[in-house]
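**Q** If you scroll down you'll find the structure; I have some questions about it.
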Number of protein chains: 2
Amino acid sequence: MRYLFHLPLSPFSRKVRLVLAEKRLPFELVLEKVWDRRPDYLEMNPAGTVPTLVEDNGLVIADSQVICEYLDEAYPEVPLIGRTLGERVEVRRLVAWFDGKFSNEVSRPLVHEKAFKRFSGRGNPDAAMLRAGLANLRHHLPYIGWLAEHRQWLAGPSISLADFAAAAHLSALDFIGDVDWTVSPSAKEWYARMKSRPSFRNLLADRVGGIIPPAHYADLDF
Amino acid sequence: MRYLFHLPLSPFSRKVRLVLAEKRLPFELVLEKVWDRRPDYLEMNPAGTVPTLVEDNGLVIADSQVICEYLDEAYPEVPLIGRTLGERVEVRRLVAWFDGKFSNEVSRPLVHEKAFKRFSGRGNPDAAMLRAGLANLRHHLPYIGWLAEHRQWLAGPSISLADFAAAAHLSALDFIGDVDWTVSPSAKEWYARMKSRPSFRNLLADRVGGIIPPAHYADLDF
């Protein structure tokens with residue numbers, strides 16, 4: 001069996017869940033509370049982050065981008081990183097933007113403060129971090145809308161890892177009720193398309209102890 | 001002409017300089033003071049980071065890992081990301097470890113506090129950050145030594161992007177005099193091999209206003 005060690009609200013874990021589902025690769029989720037720093041887990045992934053994928057044949061793959069590059073090479077039938085050199089540059093640029101800048105400025109402050117601190121018993125959310133994360137989200141959401149207006153999908157004419165990376169971050173933020181979709185109707189329309197994909201169902205069914213998502217979280221016509 | 005927008009002490013810029021040189025691709029360096037947030041530059045790279053590569057044909061490639069993936073696909077004669085799926089997973093895992101965890105815990109605190117703050121006029125180094133960066137470096141250097149003892153190169157039998165990512169970070173730290181090589185003789189022996197490669201010459205000749213590297217920085221028999 002293929003196992004994915006994850007946390008439900010980790011955008012990086014969510015990205016890999018979406019990619020596995022898009023590629024129709026069966027897998028089992030294993031909850032990994034990274035704050036426990038389990039020695040067996042650190043041996044598989046010395047960075048101590050989620051997700052980590054363990055393949056049928058025992059191959060261990062740490063880091064979400066490494067996993068996604070691996071999956072696109074090992075299972076190329078549903079290609080998600082583009083075909084031409086130029087397409088591949090744009091897909092990877094956007095993935096790096098969401099997993100780097102957007103994550104540091106939005107997802108990490110909000111998801112870390114609101115969810116991970118609570119689960120790991122590390123105190124209360126820092127109000128200044130929450131304010132900064134929300135302000136940054138209002139600033140970045142129109143960029144997603146702009147991409148969605150000018151292209152069929154975020155990186156170009158085909159759906160790609162850029163869409164799944166973006167949707168993974170936004171779905172975690174939407175779960176904790178932090179996305180004001182009125183800021184960008186184009187971003188909302190694109191996200192509604194993403195949510196209606198079969199690969200998204202598993203994410204929308206997530207239940208996380210102590211946090212109740214807003215009513216629109218799992219609503220396809222939100 | 002091919003241009004690389006860079007900062008001399010950015011480990012991410014240094015990694016790409018090494019890869020371009022290993023692949024024997026001529027390029028010109030352009031200094032980009034990212035703290036000025038030049039609008040023309042932000043248009044090429046909305047994340048506002050260095051490096052950004054601009055190809056002969058006008059293709060703009062932002063983000064060091066995106067650049068390295070692109071270069072290995074566009075110029076595969078000198079492959080640097082491994083051949084088999086397993087090799088590629090290990091090369092990329094280590095690159096992600098150096099550019100993620102090692103960067104956040106060591107390079108960013110030290111290089112940012114000592115160099116970038118000074119150049120951008122953003123005040124004095126934070127002593128607590130420097131202490132934490134140095135302590136983390138003493139903790140991580142033996143891991144590099146362990147890899148070098150158990151394998152010919154960091155990711156396996158062939159030199160790879162993992163070696164260049166690691167050497168890029170260490171060379172920036174060595175420039176500011178922060179690497180105590182006595183902590184790990186195996187890491188030092190591996191780094192001496194890296195330094196003696198022709199691709200490294202350009203880095204060893206770097207001069208950065210106001211910072212004088214230690215005598216051993218450019219010495220191949222340090």
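Residue numbering restarts at 1 for every chain of the structure tokens, chains are lettered A, B, ... in their displayed order, and ligands are numbered from 1 as they appear.
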Select residues of chain B: the criterion is any atom within 12 Å of an atom of chain A, counting only C-alpha atoms; output as a PyMOL selection string.
**A** chain B and resi 44-49+52-55+57-75+81+83-105+140+143
**Q** For B:Glu28, list every protein, DNA or RNA residue within 12 Å, evaluated using only C-alpha atoms, and leave out those in the same chain fewer than 5 positions away; present the list as a PDB file with all heavy atoms, in the first residue's frame.
**A**
```pdb
ATOM      1  N   MET B   1      22.381  37.396 -25.143  1.00  0.00           N
ATOM      2  CA  MET B   1      23.161  36.996 -23.963  1.00  0.00           C
ATOM      3  C   MET B   1      22.231  36.505 -22.854  1.00  0.00           C
ATOM      4  O   MET B   1      21.081  36.920 -22.760  1.00  0.00           O
ATOM      5  CB  MET B   1      23.979  38.207 -23.476  1.00  0.00           C
ATOM      6  CG  MET B   1      25.041  37.875 -22.451  1.00  0.00           C
ATOM      7  SD  MET B   1      26.183  36.572 -23.010  1.00  0.00           S
ATOM      8  CE  MET B   1      27.049  36.185 -21.518  1.00  0.00           C
ATOM      9  N   ARG B   2      22.754  35.624 -22.030  1.00  0.00           N
ATOM     10  CA  ARG B   2      22.026  35.095 -20.876  1.00  0.00           C
ATOM     11  C   ARG B   2      22.408  35.930 -19.643  1.00  0.00           C
ATOM     12  O   ARG B   2      23.589  36.163 -19.398  1.00  0.00           O
ATOM     13  CB  ARG B   2      22.447  33.648 -20.685  1.00  0.00           C
ATOM     14  CG  ARG B   2      21.740  32.905 -19.584  1.00  0.00           C
ATOM     15  CD  ARG B   2      22.296  31.497 -19.475  1.00  0.00           C
ATOM     16  NE  ARG B   2      21.865  30.662 -20.590  1.00  0.00           N
ATOM     17  CZ  ARG B   2      22.665  30.144 -21.521  1.00  0.00           C
ATOM     18  NH1 ARG B   2      23.961  30.374 -21.475  1.00  0.00           N
ATOM     19  NH2 ARG B   2      22.189  29.412 -22.489  1.00  0.00           N
ATOM     20  N   TYR B   3      21.409  36.393 -18.889  1.00  0.00           N
ATOM     21  CA  TYR B   3      21.681  37.233 -17.715  1.00  0.00           C
ATOM     22  C   TYR B   3      21.174  36.559 -16.445  1.00  0.00           C
ATOM     23  O   TYR B   3      20.074  35.993 -16.436  1.00  0.00           O
ATOM     24  CB  TYR B   3      20.984  38.592 -17.858  1.00  0.00           C
ATOM     25  CG  TYR B   3      21.534  39.420 -19.005  1.00  0.00           C
ATOM     26  CD1 TYR B   3      20.892  39.444 -20.245  1.00  0.00           C
ATOM     27  CD2 TYR B   3      22.705  40.159 -18.848  1.00  0.00           C
ATOM     28  CE1 TYR B   3      21.405  40.188 -21.297  1.00  0.00           C
ATOM     29  CE2 TYR B   3      23.230  40.907 -19.897  1.00  0.00           C
ATOM     30  CZ  TYR B   3      22.570  40.912 -21.122  1.00  0.00           C
ATOM     31  OH  TYR B   3      23.091  41.637 -22.153  1.00  0.00           O
ATOM     32  N   LEU B   4      21.956  36.665 -15.398  1.00  0.00           N
ATOM     33  CA  LEU B   4      21.505  36.188 -14.091  1.00  0.00           C
ATOM     34  C   LEU B   4      21.469  37.367 -13.129  1.00  0.00           C
ATOM     35  O   LEU B   4      22.508  37.931 -12.766  1.00  0.00           O
ATOM     36  CB  LEU B   4      22.438  35.100 -13.545  1.00  0.00           C
ATOM     37  CG  LEU B   4      21.948  34.464 -12.235  1.00  0.00           C
ATOM     38  CD1 LEU B   4      20.733  33.574 -12.486  1.00  0.00           C
ATOM     39  CD2 LEU B   4      23.056  33.646 -11.560  1.00  0.00           C
ATOM     40  N   PHE B   5      20.277  37.748 -12.722  1.00  0.00           N
ATOM     41  CA  PHE B   5      20.106  38.787 -11.704  1.00  0.00           C
ATOM     42  C   PHE B   5      20.362  38.128 -10.351  1.00  0.00           C
ATOM     43  O   PHE B   5      19.723  37.126 -10.020  1.00  0.00           O
ATOM     44  CB  PHE B   5      18.687  39.371 -11.774  1.00  0.00           C
ATOM     45  CG  PHE B   5      18.449  40.153 -13.039  1.00  0.00           C
ATOM     46  CD1 PHE B   5      18.176  39.509 -14.228  1.00  0.00           C
ATOM     47  CD2 PHE B   5      18.537  41.536 -13.034  1.00  0.00           C
ATOM     48  CE1 PHE B   5      17.978  40.219 -15.405  1.00  0.00           C
ATOM     49  CE2 PHE B   5      18.340  42.272 -14.202  1.00  0.00           C
ATOM     50  CZ  PHE B   5      18.065  41.611 -15.393  1.00  0.00           C
ATOM     51  N   HIS B   6      21.270  38.709  -9.582  1.00  0.00           N
ATOM     52  CA  HIS B   6      21.745  38.004  -8.391  1.00  0.00           C
ATOM     53  C   HIS B   6      22.169  38.971  -7.284  1.00  0.00           C
ATOM     54  O   HIS B   6      22.224  40.191  -7.479  1.00  0.00           O
ATOM     55  CB  HIS B   6      22.935  37.123  -8.785  1.00  0.00           C
ATOM     56  CG  HIS B   6      24.240  37.869  -8.740  1.00  0.00           C
ATOM     57  ND1 HIS B   6      25.365  37.392  -8.087  1.00  0.00           N
ATOM     58  CD2 HIS B   6      24.611  39.075  -9.264  1.00  0.00           C
ATOM     59  CE1 HIS B   6      26.355  38.263  -8.203  1.00  0.00           C
ATOM     60  NE2 HIS B   6      25.943  39.286  -8.913  1.00  0.00           N
ATOM     61  N   ARG B  17      24.726  29.993 -10.171  1.00  0.00           N
ATOM     62  CA  ARG B  17      26.017  30.313 -10.807  1.00  0.00           C
ATOM     63  C   ARG B  17      26.852  29.038 -10.971  1.00  0.00           C
ATOM     64  O   ARG B  17      27.471  28.816 -12.013  1.00  0.00           O
ATOM     65  CB  ARG B  17      26.792  31.332  -9.961  1.00  0.00           C
ATOM     66  CG  ARG B  17      26.186  32.722  -9.993  1.00  0.00           C
ATOM     67  CD  ARG B  17      26.697  33.603  -8.873  1.00  0.00           C
ATOM     68  NE  ARG B  17      28.100  33.968  -9.032  1.00  0.00           N
ATOM     69  CZ  ARG B  17      28.814  34.599  -8.092  1.00  0.00           C
ATOM     70  NH1 ARG B  17      28.247  34.931  -6.938  1.00  0.00           N
ATOM     71  NH2 ARG B  17      30.067  34.908  -8.312  1.00  0.00           N
ATOM     72  N   LEU B  20      25.236  26.822 -13.770  1.00  0.00           N
ATOM     73  CA  LEU B  20      25.518  27.371 -15.106  1.00  0.00           C
ATOM     74  C   LEU B  20      26.968  27.074 -15.500  1.00  0.00           C
ATOM     75  O   LEU B  20      27.239  26.672 -16.637  1.00  0.00           O
ATOM     76  CB  LEU B  20      25.268  28.882 -15.122  1.00  0.00           C
ATOM     77  CG  LEU B  20      23.798  29.325 -15.115  1.00  0.00           C
ATOM     78  CD1 LEU B  20      23.689  30.819 -14.781  1.00  0.00           C
ATOM     79  CD2 LEU B  20      23.124  29.039 -16.465  1.00  0.00           C
ATOM     80  N   ALA B  21      27.887  27.252 -14.552  1.00  0.00           N
ATOM     81  CA  ALA B  21      29.298  27.013 -14.861  1.00  0.00           C
ATOM     82  C   ALA B  21      29.567  25.530 -15.108  1.00  0.00           C
ATOM     83  O   ALA B  21      30.310  25.163 -16.026  1.00  0.00           O
ATOM     84  CB  ALA B  21      30.175  27.543 -13.724  1.00  0.00           C
ATOM     85  N   THR B  52      17.056  35.572 -10.716  1.00  0.00           N
ATOM     86  CA  THR B  52      16.183  35.411 -11.877  1.00  0.00           C
ATOM     87  C   THR B  52      17.086  35.253 -13.090  1.00  0.00           C
ATOM     88  O   THR B  52      18.042  36.013 -13.246  1.00  0.00           O
ATOM     89  CB  THR B  52      15.274  36.644 -12.076  1.00  0.00           C
ATOM     90  OG1 THR B  52      14.464  36.821 -10.910  1.00  0.00           O
ATOM     91  CG2 THR B  52      14.363  36.477 -13.296  1.00  0.00           C
ATOM     92  N   LEU B  53      16.787  34.268 -13.910  1.00  0.00           N
ATOM     93  CA  LEU B  53      17.578  34.018 -15.120  1.00  0.00           C
ATOM     94  C   LEU B  53      16.793  34.519 -16.333  1.00  0.00           C
ATOM     95  O   LEU B  53      15.590  34.273 -16.428  1.00  0.00           O
ATOM     96  CB  LEU B  53      17.849  32.521 -15.266  1.00  0.00           C
ATOM     97  CG  LEU B  53      18.720  32.076 -16.447  1.00  0.00           C
ATOM     98  CD1 LEU B  53      20.181  32.477 -16.234  1.00  0.00           C
ATOM     99  CD2 LEU B  53      18.625  30.560 -16.654  1.00  0.00           C
ATOM    100  N   VAL B  54      17.474  35.253 -17.214  1.00  0.00           N
ATOM    101  CA  VAL B  54      16.844  35.643 -18.472  1.00  0.00           C
ATOM    102  C   VAL B  54      17.654  35.007 -19.599  1.00  0.00           C
ATOM    103  O   VAL B  54      18.847  35.280 -19.750  1.00  0.00           O
ATOM    104  CB  VAL B  54      16.790  37.172 -18.641  1.00  0.00           C
ATOM    105  CG1 VAL B  54      16.099  37.532 -19.960  1.00  0.00           C
ATOM    106  CG2 VAL B  54      16.036  37.802 -17.469  1.00  0.00           C
ATOM    107  N   GLU B  55      16.973  34.148 -20.353  1.00  0.00           N
ATOM    108  CA  GLU B  55      17.645  33.399 -21.411  1.00  0.00           C
ATOM    109  C   GLU B  55      17.833  34.254 -22.660  1.00  0.00           C
ATOM    110  O   GLU B  55      17.138  35.264 -22.846  1.00  0.00           O
ATOM    111  CB  GLU B  55      16.805  32.156 -21.751  1.00  0.00           C
ATOM    112  CG  GLU B  55      17.038  30.989 -20.815  1.00  0.00           C
ATOM    113  CD  GLU B  55      18.294  30.205 -21.186  1.00  0.00           C
ATOM    114  OE1 GLU B  55      19.326  30.833 -21.514  1.00  0.00           O
ATOM    115  OE2 GLU B  55      18.250  28.968 -21.133  1.00  0.00           O
ATOM    116  N   ASP B  56      18.754  33.827 -23.527  1.00  0.00           N
ATOM    117  CA  ASP B  56      18.968  34.435 -24.842  1.00  0.00           C
ATOM    118  C   ASP B  56      17.665  34.759 -25.562  1.00  0.00           C
ATOM    119  O   ASP B  56      17.503  35.828 -26.157  1.00  0.00           O
ATOM    120  CB  ASP B  56      19.704  33.438 -25.758  1.00  0.00           C
ATOM    121  CG  ASP B  56      21.198  33.393 -25.488  1.00  0.00           C
ATOM    122  OD1 ASP B  56      21.671  34.242 -24.708  1.00  0.00           O
ATOM    123  OD2 ASP B  56      21.872  32.513 -26.049  1.00  0.00           O
ATOM    124  N   ASN B 202      34.709  31.469  -9.901  1.00  0.00           N
ATOM    125  CA  ASN B 202      34.006  32.743  -9.968  1.00  0.00           C
ATOM    126  C   ASN B 202      33.484  33.175  -8.590  1.00  0.00           C
ATOM    127  O   ASN B 202      33.544  34.356  -8.225  1.00  0.00           O
ATOM    128  CB  ASN B 202      32.867  32.604 -10.985  1.00  0.00           C
ATOM    129  CG  ASN B 202      32.181  33.910 -11.270  1.00  0.00           C
ATOM    130  OD1 ASN B 202      31.115  34.175 -10.707  1.00  0.00           O
ATOM    131  ND2 ASN B 202      32.778  34.750 -12.106  1.00  0.00           N
TER     132      ASN B 202
END
```
**Q** Mind checking which residues fall within 12 Å of B:Pro198, counting only C-alpha atoms, ignoring those fewer than 4 positions away in the same chain, and posting them as a list of chain:residue names?
**A** B:Arg17, B:Leu18, B:Val19, B:Leu20, B:Ala21, B:Glu22, B:Lys23, B:Arg24, B:Arg193, B:Met194, B:Asn202, B:Leu203, B:Leu204, B:Ala205, B:Leu220
**Q** So which residues touch stretch 107-117 of chain B within 7 Å, counting only C-alpha atoms, skipping near sequence neighbours fewer than 3 positions away, as a PyMOL selection string?
**A** chain B and resi 102-104+120-126+129-130+133+169+173
**Q** Write the residues you've just listed into a file as a CSV table (one decimal), in the first residue's frame, and include N, CA, C and O atoms for each of them.
**A**
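Contents of the output file result.csv:
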```
chain,number,residue,atom,x,y,z
B,102,PHE,N,17.9,24.1,6.3
B,102,PHE,CA,19.2,24.7,6.5
B,102,PHE,C,19.2,26.2,6.3
B,102,PHE,O,19.8,27.0,7.1
B,103,SER,N,18.6,26.7,5.2
B,103,SER,CA,18.5,28.1,4.9
B,103,SER,C,17.8,28.8,6.1
B,103,SER,O,18.2,29.9,6.5
B,104,ASN,N,16.6,28.3,6.5
B,104,ASN,CA,15.8,29.0,7.5
B,104,ASN,C,16.6,29.1,8.8
B,104,ASN,O,16.4,30.0,9.6
B,120,SER,N,21.3,47.0,3.0
B,120,SER,CA,20.0,47.6,2.7
B,120,SER,C,19.7,48.7,3.8
B,120,SER,O,18.6,49.3,3.7
B,121,GLY,N,20.7,48.9,4.6
B,121,GLY,CA,20.5,50.0,5.6
B,121,GLY,C,19.4,49.8,6.6
B,121,GLY,O,18.7,50.7,7.0
B,122,ARG,N,19.2,48.5,7.0
B,122,ARG,CA,18.1,48.2,7.9
B,122,ARG,C,18.6,47.8,9.3
B,122,ARG,O,18.0,46.9,10.0
B,123,GLY,N,19.6,48.5,9.8
B,123,GLY,CA,20.0,48.4,11.2
B,123,GLY,C,21.0,47.4,11.4
B,123,GLY,O,21.6,46.8,10.5
B,124,ASN,N,21.3,47.1,12.7
B,124,ASN,CA,22.4,46.3,13.1
B,124,ASN,C,21.9,44.8,13.2
B,124,ASN,O,20.7,44.6,13.4
B,125,PRO,N,22.9,43.9,13.2
B,125,PRO,CA,22.5,42.5,13.3
B,125,PRO,C,21.9,42.2,14.7
B,125,PRO,O,22.3,42.9,15.7
B,126,ASP,N,21.0,41.3,14.7
B,126,ASP,CA,20.3,40.9,16.0
B,126,ASP,C,21.2,39.8,16.6
B,126,ASP,O,21.3,38.7,16.0
B,129,MET,N,19.7,36.3,16.9
B,129,MET,CA,19.6,35.5,15.7
B,129,MET,C,21.0,35.0,15.3
B,129,MET,O,21.1,33.8,14.8
B,130,LEU,N,22.0,35.8,15.5
B,130,LEU,CA,23.4,35.3,15.1
B,130,LEU,C,23.8,34.1,16.0
B,130,LEU,O,24.3,33.1,15.5
B,133,GLY,N,21.8,31.1,14.7
B,133,GLY,CA,22.3,30.6,13.4
B,133,GLY,C,23.6,29.8,13.6
B,133,GLY,O,23.8,28.7,13.0
B,169,HIS,N,25.4,27.4,0.0
B,169,HIS,CA,25.1,27.9,1.3
B,169,HIS,C,26.4,28.0,2.1
B,169,HIS,O,26.6,29.1,2.8
B,173,LEU,N,28.3,31.4,3.8
B,173,LEU,CA,28.6,31.4,5.3
B,173,LEU,C,30.1,31.5,5.5
B,173,LEU,O,30.6,32.2,6.5
```
**Q** Could you give me, as a short mmCIF file (atom, residue, chain, number, x, y, z; two decimals) with C-alpha atoms, in the first residue's frame, the residues within 9 Å of B:Arg138, counting only C-alpha atoms and dropping anything in the same chain fewer than 2 positions from it?
**A**
```cif
data_model
loop_
_atom_site.label_atom_id
_atom_site.label_comp_id
_atom_site.auth_asym_id
_atom_site.auth_seq_id
_atom_site.Cartn_x
_atom_site.Cartn_y
_atom_site.Cartn_z
CA GLY B 133 22.32 30.59 13.44
CA LEU B 134 25.79 29.63 14.65
CA ALA B 135 24.43 27.02 17.07
CA ASN B 136 22.29 25.52 14.29
CA HIS B 140 23.90 20.62 10.99
CA LEU B 141 27.54 20.50 9.80
CA PRO B 142 28.05 16.92 11.09
CA VAL B 179 32.01 28.18 9.35
CA ASP B 180 34.09 26.42 11.99
CA VAL B 183 33.49 20.69 13.75
CA SER B 184 33.48 18.14 10.91
#
```
**Q** Record the distance separating atom CA of B:Ile144 and atom CA of B:Gly82, expressed in Å with one decimal.
**A**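 Interatomic distance, atom CA of B:Ile144 to atom CA of B:Gly82: 18.8 Å.
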**Q** Mind the document's chain letters and residue numbers, and return as an NGL selection string the residues of stretch 93-196 of chain B that DSSP labels helix (DSSP H, G or I).
**A** :B and (93-119 or 127-150 or 161-175 or 181-183 or 185-195)
**Q** Go ahead and dump the residues you just picked, C-alpha atoms, as a CSV table (one decimal), in the first residue's frame.
**A**
```csv
chain,number,residue,atom,x,y,z
B,93,ARG,CA,15.2,15.9,-1.0
B,94,LEU,CA,18.7,17.2,-0.1
B,95,VAL,CA,18.3,20.4,-2.2
B,96,ALA,CA,14.9,21.0,-0.5
B,97,TRP,CA,16.6,20.4,2.9
B,98,PHE,CA,19.4,22.9,2.3
B,99,ASP,CA,17.2,25.5,0.6
B,100,GLY,CA,14.5,25.0,3.2
B,101,LYS,CA,15.5,23.9,6.7
B,102,PHE,CA,19.2,24.7,6.5
B,103,SER,CA,18.5,28.1,4.9
B,104,ASN,CA,15.8,29.0,7.5
B,105,GLU,CA,17.9,27.9,10.5
B,106,VAL,CA,21.4,28.9,9.4
B,107,SER,CA,22.0,30.9,6.2
B,108,ARG,CA,19.1,33.3,6.5
B,109,PRO,CA,19.7,34.3,10.1
B,110,LEU,CA,23.5,34.7,9.6
B,111,VAL,CA,23.7,36.1,6.0
B,112,HIS,CA,20.6,38.2,6.4
B,113,GLU,CA,21.7,39.7,9.7
B,114,LYS,CA,25.3,40.2,8.9
B,115,ALA,CA,25.2,41.2,5.2
B,116,PHE,CA,21.8,42.1,3.8
B,117,LYS,CA,20.8,44.2,6.8
B,118,ARG,CA,24.0,46.2,6.3
B,119,PHE,CA,23.6,46.7,2.5
B,127,ALA,CA,22.7,39.1,18.4
B,128,ALA,CA,20.2,36.4,19.4
B,129,MET,CA,19.6,35.5,15.7
B,130,LEU,CA,23.4,35.3,15.1
B,131,ARG,CA,23.8,33.0,18.2
B,132,ALA,CA,20.9,30.8,17.0
B,133,GLY,CA,22.3,30.6,13.4
B,134,LEU,CA,25.8,29.6,14.6
B,135,ALA,CA,24.4,27.0,17.1
B,136,ASN,CA,22.3,25.5,14.3
B,137,LEU,CA,25.3,25.4,12.0
B,138,ARG,CA,27.3,23.4,14.5
B,139,HIS,CA,24.4,21.1,14.8
B,140,HIS,CA,23.9,20.6,11.0
B,141,LEU,CA,27.5,20.5,9.8
B,142,PRO,CA,28.0,16.9,11.1
B,143,TYR,CA,25.1,15.8,9.0
B,144,ILE,CA,26.9,17.0,5.9
B,145,GLY,CA,30.0,15.2,7.2
B,146,TRP,CA,28.0,12.0,7.7
B,147,LEU,CA,26.7,12.2,4.1
B,148,ALA,CA,30.2,12.8,2.8
B,149,GLU,CA,31.5,9.8,4.8
B,150,HIS,CA,28.9,7.4,3.6
B,161,LEU,CA,22.6,19.6,-7.5
B,162,ALA,CA,22.6,18.5,-3.8
B,163,ASP,CA,26.4,19.2,-3.6
B,164,PHE,CA,26.0,22.6,-5.4
B,165,ALA,CA,23.1,23.6,-3.1
B,166,ALA,CA,25.1,22.7,0.0
B,167,ALA,CA,28.3,24.3,-1.3
B,168,ALA,CA,26.4,27.5,-2.2
B,169,HIS,CA,25.1,27.9,1.3
B,170,LEU,CA,28.4,27.0,2.9
B,171,SER,CA,30.4,29.3,0.6
B,172,ALA,CA,28.2,32.3,1.6
B,173,LEU,CA,28.6,31.4,5.3
B,174,ASP,CA,32.4,30.9,4.8
B,175,PHE,CA,32.6,34.3,3.2
B,181,TRP,CA,35.4,23.6,9.8
B,182,THR,CA,37.0,21.8,12.8
B,183,VAL,CA,33.5,20.7,13.7
B,185,PRO,CA,36.7,17.1,9.1
B,186,SER,CA,34.6,15.0,6.6
B,187,ALA,CA,32.5,18.1,5.7
B,188,LYS,CA,35.7,20.1,5.3
B,189,GLU,CA,37.2,17.4,3.0
B,190,TRP,CA,34.1,17.4,0.8
B,191,TYR,CA,34.0,21.2,0.7
B,192,ALA,CA,37.7,21.3,-0.4
B,193,ARG,CA,36.8,19.0,-3.3
B,194,MET,CA,33.9,21.3,-4.2
B,195,LYS,CA,36.1,24.4,-4.0
```
**Q** Set the distance at 10 Å and use only C-alpha atoms: which residues neighbour B:Pro214 once local chain neighbours fewer than 3 positions away are removed? I'd like the list as number ranges by chain.
**A** B: 174-178, 211, 217-219
**Q** Write the selection just made, keeping N, CA and C atoms, as an mmCIF file, in the first residue's frame?
**A**
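For reference, selection_10.cif as written:
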```
data_model
loop_
_atom_site.group_PDB
_atom_site.id
_atom_site.type_symbol
_atom_site.label_atom_id
_atom_site.label_comp_id
_atom_site.auth_asym_id
_atom_site.auth_seq_id
_atom_site.Cartn_x
_atom_site.Cartn_y
_atom_site.Cartn_z
ATOM 1 N N ASP B 174 30.909 30.841 4.665
ATOM 2 C CA ASP B 174 32.362 30.890 4.800
ATOM 3 C C ASP B 174 32.871 32.297 4.484
ATOM 4 N N PHE B 175 32.216 32.962 3.532
ATOM 5 C CA PHE B 175 32.617 34.321 3.162
ATOM 6 C C PHE B 175 32.505 35.264 4.359
ATOM 7 N N ILE B 176 31.453 35.085 5.142
ATOM 8 C CA ILE B 176 31.287 35.969 6.308
ATOM 9 C C ILE B 176 31.983 35.395 7.547
ATOM 10 N N GLY B 177 32.779 34.347 7.340
ATOM 11 C CA GLY B 177 33.635 33.837 8.418
ATOM 12 C C GLY B 177 32.910 33.028 9.474
ATOM 13 N N ASP B 178 31.773 32.413 9.121
ATOM 14 C CA ASP B 178 30.957 31.757 10.139
ATOM 15 C C ASP B 178 31.080 30.238 10.200
ATOM 16 N N ILE B 211 32.785 43.917 3.308
ATOM 17 C CA ILE B 211 32.982 42.651 4.020
ATOM 18 C C ILE B 211 34.229 41.975 3.462
ATOM 19 N N TYR B 217 39.016 31.653 2.806
ATOM 20 C CA TYR B 217 37.835 31.591 1.935
ATOM 21 C C TYR B 217 38.182 31.118 0.525
ATOM 22 N N ALA B 218 39.214 31.711 -0.074
ATOM 23 C CA ALA B 218 39.561 31.377 -1.464
ATOM 24 C C ALA B 218 40.741 30.413 -1.553
ATOM 25 N N ASP B 219 41.179 29.907 -0.410
ATOM 26 C CA ASP B 219 42.341 29.030 -0.369
ATOM 27 C C ASP B 219 41.870 27.579 -0.610
#
```
**Q** May I have all residues of stretch 46-217 of chain B that DSSP, computed from the backbone, assigns to strand (DSSP E), given as a list in words?
**A**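 Across stretch 46-217 of chain B, those assigned strand (DSSP E) are Thr52, Leu53, Val54, Val60, Ile61 and Ala62 of chain B.
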**Q** Please, could you write that set of residues out with C-alpha atoms as a compact mmCIF listing (two decimals), in the first residue's frame?
**A**
```txt
# COMPACT_ATOMS: atom_id res chain seq x y z
CA THR B 52 16.18 35.41 -11.88
CA LEU B 53 17.58 34.02 -15.12
CA VAL B 54 16.84 35.64 -18.47
CA VAL B 60 12.39 34.71 -17.86
CA ILE B 61 12.86 32.14 -15.10
CA ALA B 62 12.37 33.08 -11.46
```
